[in-house]
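J.: Sharing final.cif (mmCIF, C-alpha atoms) below.
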data_protein
loop_
_atom_site.group_PDB
_atom_site.id
_atom_site.type_symbol
_atom_site.label_atom_id
_atom_site.label_comp_id
_atom_site.auth_asym_id
_atom_site.auth_seq_id
_atom_site.Cartn_x
_atom_site.Cartn_y
_atom_site.Cartn_z
ATOM 1 C CA MET A 866 111.674 86.888 114.547
ATOM 2 C CA ALA A 867 111.299 89.730 112.059
ATOM 3 C CA ASP A 868 110.156 93.104 113.316
ATOM 4 C CA PRO A 869 106.628 94.331 112.374
ATOM 5 C CA ALA A 870 107.879 96.611 109.581
ATOM 6 C CA THR A 871 109.830 93.781 107.947
ATOM 7 C CA GLU A 872 106.931 91.338 108.337
ATOM 8 C CA ALA A 873 104.497 93.755 106.678
ATOM 9 C CA PHE A 874 106.873 94.479 103.813
ATOM 10 C CA LEU A 875 107.589 90.804 103.144
ATOM 11 C CA ALA A 876 103.898 89.925 103.346
ATOM 12 C CA HIS A 877 103.079 92.368 100.548
ATOM 13 C CA ARG A 878 106.309 92.206 98.553
ATOM 14 C CA ASN A 879 104.869 90.254 95.604
ATOM 15 C CA LEU A 880 101.988 92.714 95.320
ATOM 16 C CA LEU A 881 104.345 95.701 95.437
ATOM 17 C CA PHE A 882 106.669 94.173 92.847
ATOM 18 C CA THR A 883 103.735 93.481 90.513
ATOM 19 C CA VAL A 884 102.445 97.048 90.845
ATOM 20 C CA ALA A 885 105.895 98.467 90.096
ATOM 21 C CA TYR A 886 106.540 96.081 87.204
ATOM 22 C CA GLN A 887 103.186 96.840 85.557
ATOM 23 C CA LEU A 888 103.861 100.556 85.818
ATOM 24 C CA LEU A 889 107.432 100.332 84.539
ATOM 25 C CA GLY A 890 107.669 97.237 82.327
ATOM 26 C CA SER A 891 111.073 96.553 83.844
ATOM 27 C CA ALA A 892 111.910 94.031 86.549
ATOM 28 C CA ALA A 893 115.191 95.812 87.284
ATOM 29 C CA ASP A 894 113.450 99.144 87.833
ATOM 30 C CA ALA A 895 110.698 97.439 89.831
ATOM 31 C CA GLU A 896 113.322 95.994 92.172
ATOM 32 C CA ASP A 897 114.875 99.440 92.564
ATOM 33 C CA VAL A 898 111.449 100.863 93.407
ATOM 34 C CA LEU A 899 110.972 98.170 96.055
ATOM 35 C CA GLN A 900 114.319 99.114 97.581
ATOM 36 C CA GLU A 901 113.257 102.761 97.683
ATOM 37 C CA THR A 902 109.902 101.741 99.169
ATOM 38 C CA TRP A 903 111.656 99.760 101.892
ATOM 39 C CA LEU A 904 113.942 102.664 102.799
ATOM 40 C CA ARG A 905 110.923 104.922 103.272
ATOM 41 C CA TRP A 906 108.854 102.263 105.006
ATOM 42 C CA VAL A 907 111.386 101.624 107.797
ATOM 43 C CA GLY A 908 111.156 105.293 108.763
ATOM 44 C CA VAL A 909 107.363 105.229 109.146
ATOM 45 C CA ASP A 910 105.674 105.253 112.558
ATOM 46 C CA LEU A 911 103.616 102.053 112.262
ATOM 47 C CA ALA A 912 101.359 103.107 115.135
ATOM 48 C CA ALA A 913 100.010 105.879 112.905
ATOM 49 C CA VAL A 914 99.350 103.566 109.923
ATOM 50 C CA ARG A 915 95.738 102.308 109.697
ATOM 51 C CA ASP A 916 96.260 100.021 106.675
ATOM 52 C CA ARG A 917 99.822 98.834 106.108
ATOM 53 C CA ARG A 918 99.063 97.291 102.705
ATOM 54 C CA ALA A 919 97.515 100.518 101.424
ATOM 55 C CA TYR A 920 100.386 102.580 102.815
ATOM 56 C CA LEU A 921 102.990 100.372 101.129
ATOM 57 C CA VAL A 922 101.097 100.482 97.813
ATOM 58 C CA ARG A 923 101.001 104.274 98.085
ATOM 59 C CA ILE A 924 104.772 104.514 98.621
ATOM 60 C CA THR A 925 105.465 102.065 95.792
ATOM 61 C CA THR A 926 103.131 103.834 93.371
ATOM 62 C CA ARG A 927 104.633 107.240 94.043
ATOM 63 C CA GLN A 928 108.180 105.948 93.639
ATOM 64 C CA ALA A 929 107.221 104.100 90.456
ATOM 65 C CA LEU A 930 105.565 107.203 88.993
ATOM 66 C CA MET A 931 108.719 109.238 89.582
ATOM 67 C CA ARG A 932 110.797 106.566 87.863
ATOM 68 C CA LEU A 933 108.234 106.163 85.067
ATOM 69 C CA ARG A 934 108.557 109.824 84.123
ATOM 70 C CA ALA A 935 112.343 109.485 84.050
ATOM 71 C CA LEU A 936 112.072 106.317 81.943
ATOM 72 C CA GLY A 937 109.835 108.182 79.503
ATOM 73 C CA ARG A 938 112.668 110.596 78.799
ATOM 74 C CA ARG A 939 115.101 107.705 78.306
ATOM 75 C CA LYS A 940 112.750 105.922 75.924
ATOM 76 C CA GLU A 941 112.665 108.987 73.673
ATOM 77 C CA SER A 942 116.287 108.221 72.701
ATOM 78 C CA TYR A 943 115.913 104.412 72.711
ATOM 79 C CA VAL A 944 117.247 102.761 69.556
ATOM 80 C CA GLY A 945 114.524 100.818 67.733
ATOM 81 C CA PRO A 946 111.285 99.466 69.196
ATOM 82 C CA TRP A 947 111.041 99.291 72.990
ATOM 83 C CA LEU A 948 109.649 96.113 74.580
ATOM 84 C CA PRO A 949 109.075 95.311 78.254
ATOM 85 C CA GLU A 950 111.688 93.303 80.109
ATOM 86 C CA PRO A 951 110.620 89.629 79.916
ATOM 87 C CA LEU A 952 109.696 88.203 83.284
ATOM 88 C CA LEU A 953 109.569 84.537 84.201
ATOM 89 C CA THR A 954 106.234 83.742 85.803
ATOM 90 C CA THR A 955 105.134 80.800 87.879
ATOM 91 C CA PRO A 956 102.358 78.426 86.718
ATOM 92 C CA ASP A 957 99.806 79.849 89.157
ATOM 93 C CA VAL A 958 100.041 83.216 87.385
ATOM 94 C CA ALA A 959 98.857 81.570 84.163
ATOM 95 C CA GLU A 960 95.931 80.079 86.087
ATOM 96 C CA ASP A 961 94.879 83.584 87.156
ATOM 97 C CA VAL A 962 93.591 84.754 83.762
ATOM 98 C CA GLU A 963 93.195 88.406 84.761
ATOM 99 C CA LEU A 964 96.676 88.645 86.252
ATOM 100 C CA ALA A 965 98.253 86.831 83.291
ATOM 101 C CA ASP A 966 96.541 89.202 80.867
ATOM 102 C CA SER A 967 97.624 92.254 82.860
ATOM 103 C CA VAL A 968 101.337 91.363 82.717
ATOM 104 C CA SER A 969 101.377 89.997 79.160
ATOM 105 C CA MET A 970 103.674 91.643 76.608
ATOM 106 C CA ALA A 971 100.631 92.773 74.635
ATOM 107 C CA MET A 972 98.980 94.461 77.627
ATOM 108 C CA LEU A 973 102.187 96.103 78.845
ATOM 109 C CA LEU A 974 102.601 97.630 75.382
ATOM 110 C CA VAL A 975 99.033 98.927 75.581
ATOM 111 C CA LEU A 976 99.814 100.444 78.983
ATOM 112 C CA GLU A 977 102.807 102.191 77.392
ATOM 113 C CA THR A 978 100.320 104.306 75.407
ATOM 114 C CA LEU A 979 98.888 105.767 78.624
ATOM 115 C CA GLY A 980 100.270 108.725 80.513
ATOM 116 C CA PRO A 981 101.893 108.006 83.901
ATOM 117 C CA ALA A 982 98.856 108.964 86.009
ATOM 118 C CA GLU A 983 96.451 107.103 83.717
ATOM 119 C CA ARG A 984 98.639 104.020 83.819
ATOM 120 C CA ALA A 985 98.825 104.047 87.619
ATOM 121 C CA VAL A 986 95.086 104.565 88.032
ATOM 122 C CA PHE A 987 94.263 101.825 85.529
ATOM 123 C CA VAL A 988 96.609 99.290 87.119
ATOM 124 C CA LEU A 989 95.492 100.006 90.685
ATOM 125 C CA ARG A 990 91.795 100.001 89.810
ATOM 126 C CA GLU A 991 91.399 97.412 87.066
ATOM 127 C CA VAL A 992 94.077 94.940 88.104
ATOM 128 C CA PHE A 993 94.128 95.246 91.887
ATOM 129 C CA ASP A 994 90.601 96.596 92.449
ATOM 130 C CA LEU A 995 91.681 99.338 94.821
ATOM 131 C CA GLY A 996 89.067 101.882 95.875
ATOM 132 C CA TYR A 997 89.053 105.345 94.357
ATOM 133 C CA ASP A 998 89.904 106.978 97.697
ATOM 134 C CA GLU A 999 92.903 104.671 98.127
ATOM 135 C CA ILE A 1000 94.089 105.335 94.561
ATOM 136 C CA ALA A 1001 93.644 109.073 95.058
ATOM 137 C CA GLU A 1002 96.070 108.973 97.991
ATOM 138 C CA ALA A 1003 98.548 106.922 95.971
ATOM 139 C CA VAL A 1004 98.612 109.244 92.933
ATOM 140 C CA GLY A 1005 98.055 112.537 94.748
ATOM 141 C CA LYS A 1006 94.746 113.454 93.109
ATOM 142 C CA SER A 1007 91.146 113.838 94.265
ATOM 143 C CA PRO A 1008 88.789 110.823 94.153
ATOM 144 C CA ALA A 1009 86.652 112.646 91.584
ATOM 145 C CA ALA A 1010 89.657 113.204 89.339
ATOM 146 C CA VAL A 1011 90.687 109.569 89.749
ATOM 147 C CA ARG A 1012 87.226 108.413 88.619
ATOM 148 C CA GLN A 1013 87.534 110.501 85.456
ATOM 149 C CA ILE A 1014 91.065 109.256 84.785
ATOM 150 C CA ALA A 1015 89.945 105.666 85.326
ATOM 151 C CA HIS A 1016 87.102 106.075 82.819
ATOM 152 C CA ARG A 1017 89.425 107.548 80.178
ATOM 153 C CA ALA A 1018 92.096 104.921 80.749
ATOM 154 C CA ARG A 1019 89.558 102.075 80.642
ATOM 155 C CA SER A 1020 88.185 103.279 77.313
ATOM 156 C CA HIS A 1021 91.687 103.756 75.908
ATOM 157 C CA VAL A 1022 92.801 100.269 76.906
ATOM 158 C CA ALA A 1023 89.564 98.615 75.763
ATOM 159 C CA ALA A 1024 90.127 99.953 72.246
ATOM 160 C CA ARG A 1025 93.645 98.503 72.073
ATOM 161 C CA ARG A 1026 93.738 95.328 74.160
ATOM 162 C CA PRO A 1027 93.498 91.832 72.621
ATOM 163 C CA ARG A 1028 90.081 91.318 71.073
ATOM 164 C CA GLY A 1029 89.175 88.244 73.071
ATOM 165 C CA ALA A 1030 90.337 86.073 75.926
ATOM 166 C CA VAL A 1031 93.776 84.725 75.084
ATOM 167 C CA SER A 1032 93.990 80.975 75.568
ATOM 168 C CA PRO A 1033 97.328 79.623 76.827
ATOM 169 C CA ALA A 1034 96.636 76.575 74.640
ATOM 170 C CA ALA A 1035 96.252 78.779 71.535
ATOM 171 C CA THR A 1036 99.464 80.573 72.461
ATOM 172 C CA ARG A 1037 101.276 77.258 72.829
ATOM 173 C CA ASP A 1038 99.975 76.138 69.416
ATOM 174 C CA ALA A 1039 101.272 79.321 67.786
ATOM 175 C CA LEU A 1040 104.642 78.974 69.465
ATOM 176 C CA GLU A 1041 104.862 75.317 68.482
ATOM 177 C CA ALA A 1042 104.323 76.366 64.850
ATOM 178 C CA PHE A 1043 107.111 78.910 65.277
ATOM 179 C CA ARG A 1044 109.377 76.276 66.795
ATOM 180 C CA ARG A 1045 108.701 73.838 63.914
ATOM 181 C CA ALA A 1046 109.449 76.562 61.392
ATOM 182 C CA ALA A 1047 112.705 77.404 63.169
ATOM 183 C CA GLU A 1048 113.815 73.797 63.407
ATOM 184 C CA THR A 1049 112.791 72.683 59.902
ATOM 185 C CA GLY A 1050 113.142 75.913 57.918
ATOM 186 C CA ASP A 1051 109.551 75.418 56.679
ATOM 187 C CA LEU A 1052 107.308 78.420 57.237
ATOM 188 C CA ARG A 1053 104.065 76.768 56.141
ATOM 189 C CA ASP A 1054 103.093 75.902 59.701
ATOM 190 C CA LEU A 1055 103.794 79.459 60.813
ATOM 191 C CA LEU A 1056 101.903 81.065 57.925
ATOM 192 C CA ASP A 1057 98.838 79.100 58.975
ATOM 193 C CA VAL A 1058 98.704 80.967 62.275
ATOM 194 C CA LEU A 1059 99.851 84.450 61.180
ATOM 195 C CA ALA A 1060 97.119 87.084 60.976
ATOM 196 C CA PRO A 1061 97.154 89.244 57.803
ATOM 197 C CA ASP A 1062 97.954 92.325 59.926
ATOM 198 C CA VAL A 1063 100.511 90.657 62.206
ATOM 199 C CA VAL A 1064 103.174 92.977 63.653
ATOM 200 C CA PHE A 1065 106.735 91.923 64.498
ATOM 201 C CA LEU A 1066 108.724 93.938 67.025
ATOM 202 C CA GLY A 1067 112.383 93.296 67.766
ATOM 203 C CA ASP A 1068 114.131 94.979 70.705
ATOM 204 C CA GLY A 1069 117.929 95.029 70.551
ATOM 205 C CA GLY A 1070 118.316 98.373 72.309
ATOM 206 C CA GLY A 1071 120.999 99.398 69.824
ATOM 207 C CA VAL A 1072 123.305 96.829 71.449
ATOM 208 C CA VAL A 1073 122.587 93.744 69.326
ATOM 209 C CA GLN A 1074 121.042 93.344 65.881
ATOM 210 C CA ALA A 1075 117.270 93.685 65.701
ATOM 211 C CA THR A 1076 114.694 95.141 63.349
ATOM 212 C CA PRO A 1077 114.964 98.943 63.569
ATOM 213 C CA ALA A 1078 111.214 99.460 63.102
ATOM 214 C CA PRO A 1079 108.015 97.399 63.388
ATOM 215 C CA VAL A 1080 107.398 94.986 60.510
ATOM 216 C CA THR A 1081 103.734 94.649 59.543
ATOM 217 C CA GLY A 1082 101.845 92.132 57.408
ATOM 218 C CA ALA A 1083 102.057 88.352 57.129
ATOM 219 C CA ALA A 1084 104.138 88.396 53.924
ATOM 220 C CA ASP A 1085 106.768 90.818 55.246
ATOM 221 C CA VAL A 1086 106.923 89.129 58.654
ATOM 222 C CA ALA A 1087 107.303 85.739 56.947
ATOM 223 C CA ARG A 1088 110.188 87.066 54.826
ATOM 224 C CA LEU A 1089 111.844 88.499 57.929
ATOM 225 C CA LEU A 1090 111.514 85.212 59.759
ATOM 226 C CA THR A 1091 112.807 83.291 56.754
ATOM 227 C CA ALA A 1092 115.939 85.412 56.826
ATOM 228 C CA GLY A 1093 116.362 84.874 60.561
ATOM 229 C CA LEU A 1094 115.595 81.192 60.832
ATOM 230 C CA GLY A 1095 119.181 80.240 60.077
ATOM 231 C CA ASN A 1096 120.315 82.210 63.120
ATOM 232 C CA LEU A 1097 117.629 80.646 65.275
ATOM 233 C CA ALA A 1098 118.579 77.167 64.178
ATOM 234 C CA VAL A 1099 122.117 77.433 65.539
ATOM 235 C CA GLY A 1100 120.799 77.804 69.067
ATOM 236 C CA THR A 1101 118.386 75.843 71.220
ATOM 237 C CA LEU A 1102 114.748 76.817 71.657
ATOM 238 C CA GLU A 1103 113.071 76.000 74.926
ATOM 239 C CA ALA A 1104 109.557 76.587 76.189
ATOM 240 C CA ALA A 1105 109.070 78.886 79.172
ATOM 241 C CA GLN A 1106 106.379 80.739 81.066
ATOM 242 C CA VAL A 1107 107.020 84.434 80.436
ATOM 243 C CA ASN A 1108 104.729 87.292 81.421
ATOM 244 C CA GLY A 1109 101.923 84.900 82.213
ATOM 245 C CA TYR A 1110 101.904 83.041 78.890
ATOM 246 C CA PRO A 1111 103.915 80.403 77.035
ATOM 247 C CA ALA A 1112 106.978 81.804 75.254
ATOM 248 C CA LEU A 1113 110.193 80.577 73.674
ATOM 249 C CA ILE A 1114 113.726 81.245 74.872
ATOM 250 C CA LEU A 1115 116.582 80.969 72.380
ATOM 251 C CA ARG A 1116 119.937 80.106 73.916
ATOM 252 C CA ARG A 1117 123.372 80.235 72.310
ATOM 253 C CA GLY A 1118 126.160 78.543 74.172
ATOM 254 C CA GLY A 1119 123.915 78.260 77.200
ATOM 255 C CA GLU A 1120 123.284 82.024 77.321
ATOM 256 C CA VAL A 1121 119.864 83.588 76.709
ATOM 257 C CA ASP A 1122 119.947 85.271 73.288
ATOM 258 C CA THR A 1123 116.299 86.029 72.510
ATOM 259 C CA VAL A 1124 112.901 85.721 74.148
ATOM 260 C CA VAL A 1125 109.981 85.328 71.729
ATOM 261 C CA ALA A 1126 106.483 86.080 72.975
ATOM 262 C CA VAL A 1127 103.300 86.297 70.942
ATOM 263 C CA ARG A 1128 99.922 87.971 71.001
ATOM 264 C CA VAL A 1129 97.047 85.807 69.804
ATOM 265 C CA ASP A 1130 93.637 87.148 68.742
ATOM 266 C CA ASP A 1131 90.860 84.896 67.487
ATOM 267 C CA GLY A 1132 93.277 81.992 67.134
ATOM 268 C CA LEU A 1133 95.810 83.871 64.975
ATOM 269 C CA VAL A 1134 99.117 85.512 65.859
ATOM 270 C CA THR A 1135 98.697 89.289 65.676
ATOM 271 C CA GLY A 1136 101.919 90.209 67.480
ATOM 272 C CA LEU A 1137 105.413 88.709 67.633
ATOM 273 C CA TYR A 1138 107.776 90.188 70.225
ATOM 274 C CA ALA A 1139 111.466 89.324 70.153
ATOM 275 C CA VAL A 1140 113.493 90.766 73.032
ATOM 276 C CA ARG A 1141 117.259 90.671 72.395
ATOM 277 C CA ASN A 1142 118.579 93.599 74.442
ATOM 278 C CA PRO A 1143 121.096 91.909 76.793
ATOM 279 C CA GLU A 1144 120.226 94.275 79.636
ATOM 280 C CA LYS A 1145 116.639 93.029 79.537
ATOM 281 C CA LEU A 1146 117.672 89.365 79.480
ATOM 282 C CA ALA A 1147 120.293 89.412 82.229
ATOM 283 C CA ARG A 1148 117.828 88.640 85.019
ATOM 284 C CA LEU A 1149 115.854 85.994 83.174
ATOM 285 C CA ASP A 1150 117.617 83.082 84.862
ATOM 286 C CA GLU A 1151 117.722 84.680 88.274
ATOM 287 C CA ALA A 1152 115.440 83.617 91.075
ATOM 288 C CA THR A 1153 113.041 86.564 90.820
ATOM 289 C CA ALA A 1154 109.814 85.413 89.224
ATOM 290 C CA LEU A 1155 106.381 86.962 89.379
ATOM 291 C CA CYS A 1156 103.895 84.959 91.427
ATOM 292 C CA ARG A 1157 100.549 85.681 92.934
#
Go ahead and render the structure in this file as C-alpha cells.
T.:
Amino acid sequence: MADPATEAFLAHRNLLFTVAYQLLGSAADAEDVLQETWLRWVGVDLAAVRDRRAYLVRITTRQALMRLRALGRRKESYVGPWLPEPLLTTPDVAEDVELADSVSMAMLLVLETLGPAERAVFVLREVFDLGYDEIAEAVGKSPAAVRQIAHRARSHVAARRPRGAVSPAATRDALEAFRRAAETGDLRDLLDVLAPDVVFLGDGGGVVQATPAPVTGAADVARLLTAGLGNLAVGTLEAAQVNGYPALILRRGGEVDTVVAVRVDDGLVTGLYAVRNPEKLARLDEATALCR
C-alpha cells in the first residue's frame, strides 16, 4: 500500500499536471514541474498540512512560475512563431467544455499575452475556481492584490478569447475541409470555411521548415496552403483529439511530422496552428494524455 504522501500526490496528479501545462504550454516542462513538486512534497510534514490538495497546488504553481519566467527568456530568442506543445486529450476532456476551452491552442496563445502572475491567477481562479485566499498563498501575494490581478487578467482574456462557444462539430467540419483540400489539391472546400482575417502560424523552432512569421488573410493563407499541399499529400493525415478539440496529425513514414489545430469563431476558421518542431512532437505518442 502506498504511503499517505504518495496517495495524496497520485490523487491530485492530473490536476497538478493541468495547472502546470496551462501555465507553461509545454507537457515536457509540466512533467518536470511535477517532479520538482514531488521532491518537495515528500519532505513536508503531513500532520501540519490542513488541505493537501491546496498545498500541492501551491507547490506546483510556485515551481511553474519559476520555470515560466525562465521560459520567457528562452522564447525571446525562439526562431519563428512559438506555439504550445500539442497534447493528446481524452474524450471526456472534450465533454467538459470549460476545460477543453482552457487548454485549447487558441486559449493557450491568449494566456501567453499575460504576465506570469496574471496567468497563474487567471488559471487558478477562472479554470479551477480556487478561492482568492488560496491563490494568494500560491502566488505569494495578498488576497486584495490577487482580486485586482484577477480582474485585469479576466478583462484582458475576454478581449482576446474566441468570440463564441467553439463547437467540436464545427471544428471537425473545418478540419474535414482541410483534409479534403490536402488529399484532392482543391482548396475550394477550405476557402468556404476560412475567415477573411484568418491567421496561420507555423512552429518549426528553427529546426524544420515553417513559416517564419504569421500569415494573415484568407488569400495569403490559401496561397501558402496551396504551396504546402504537395508536402502534406505525401504523408498520411489522421484525426486526433488534441488540446481538447479535434485536430489532424500528419505522419511521414509512421513518424509525427505536423499537428494541425484550428480556432473557429462563428463557424469560420480564424486561426490555423501547425506545430512542426520535433521537440514538441516527441511526446505525442507517449502515454501521457490530459484527462479530467
J.: Return the single residue from A:Asn1108, A:Gln887, A:Gln900, A:Thr1076 that is closest to A:Leu933, with distances computed using only C-alpha atoms.
T.: A:Gln887
J.: Could you give me, as a PyMOL selection string, the residues within 12 Å of A:Thr871, counting all atoms listed in the file and dropping anything in the same chain fewer than 4 positions from it?
T.: chain A and resi 866-867+875-878+902-904+906-909+911+917+921
J.: Counting all atoms listed in the file, figure out which residue out of A:Thr1091, A:Thr883, A:Thr1036, A:Thr954 gets nearest to A:Leu1052.
T.: A:Thr1091
J.: Rounded to one decimal place, report the atom CA of A:Glu872-atom CA of A:Val884 distance in Å.
T.: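 Atom CA of A:Val884 lies at a distance of 18.9 Å from atom CA of A:Glu872.
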J.: Up to 12 Å from (93.9, 93.3, 84.5) in the file's coordinates: name the residues, counting all atoms listed in the file, as a PyMOL selection string.
T.: chain A and resi 883-884+887+961-969+971-973+975-976+984+986-994+1019+1022-1023+1026-1027+1030+1109
J.: Using Å and a single decimal, report how far atom CA of A:Leu1066 sits from atom CA of A:Gly1132.
T.: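 It comes out at 19.5 Å.
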J.: With distances taken over only C-alpha atoms, which of A:Val1107, A:Val1129, A:Ala1084, A:Ala870 is nearest to A:Leu1146?
T.: A:Val1107
J.: In terms of the shortest atom-to-atom distance over all atoms listed in the file, which of A:Leu952, A:Val898, A:Leu1090, A:Ala1003 is closest to A:Ala1147?
T.: A:Leu952
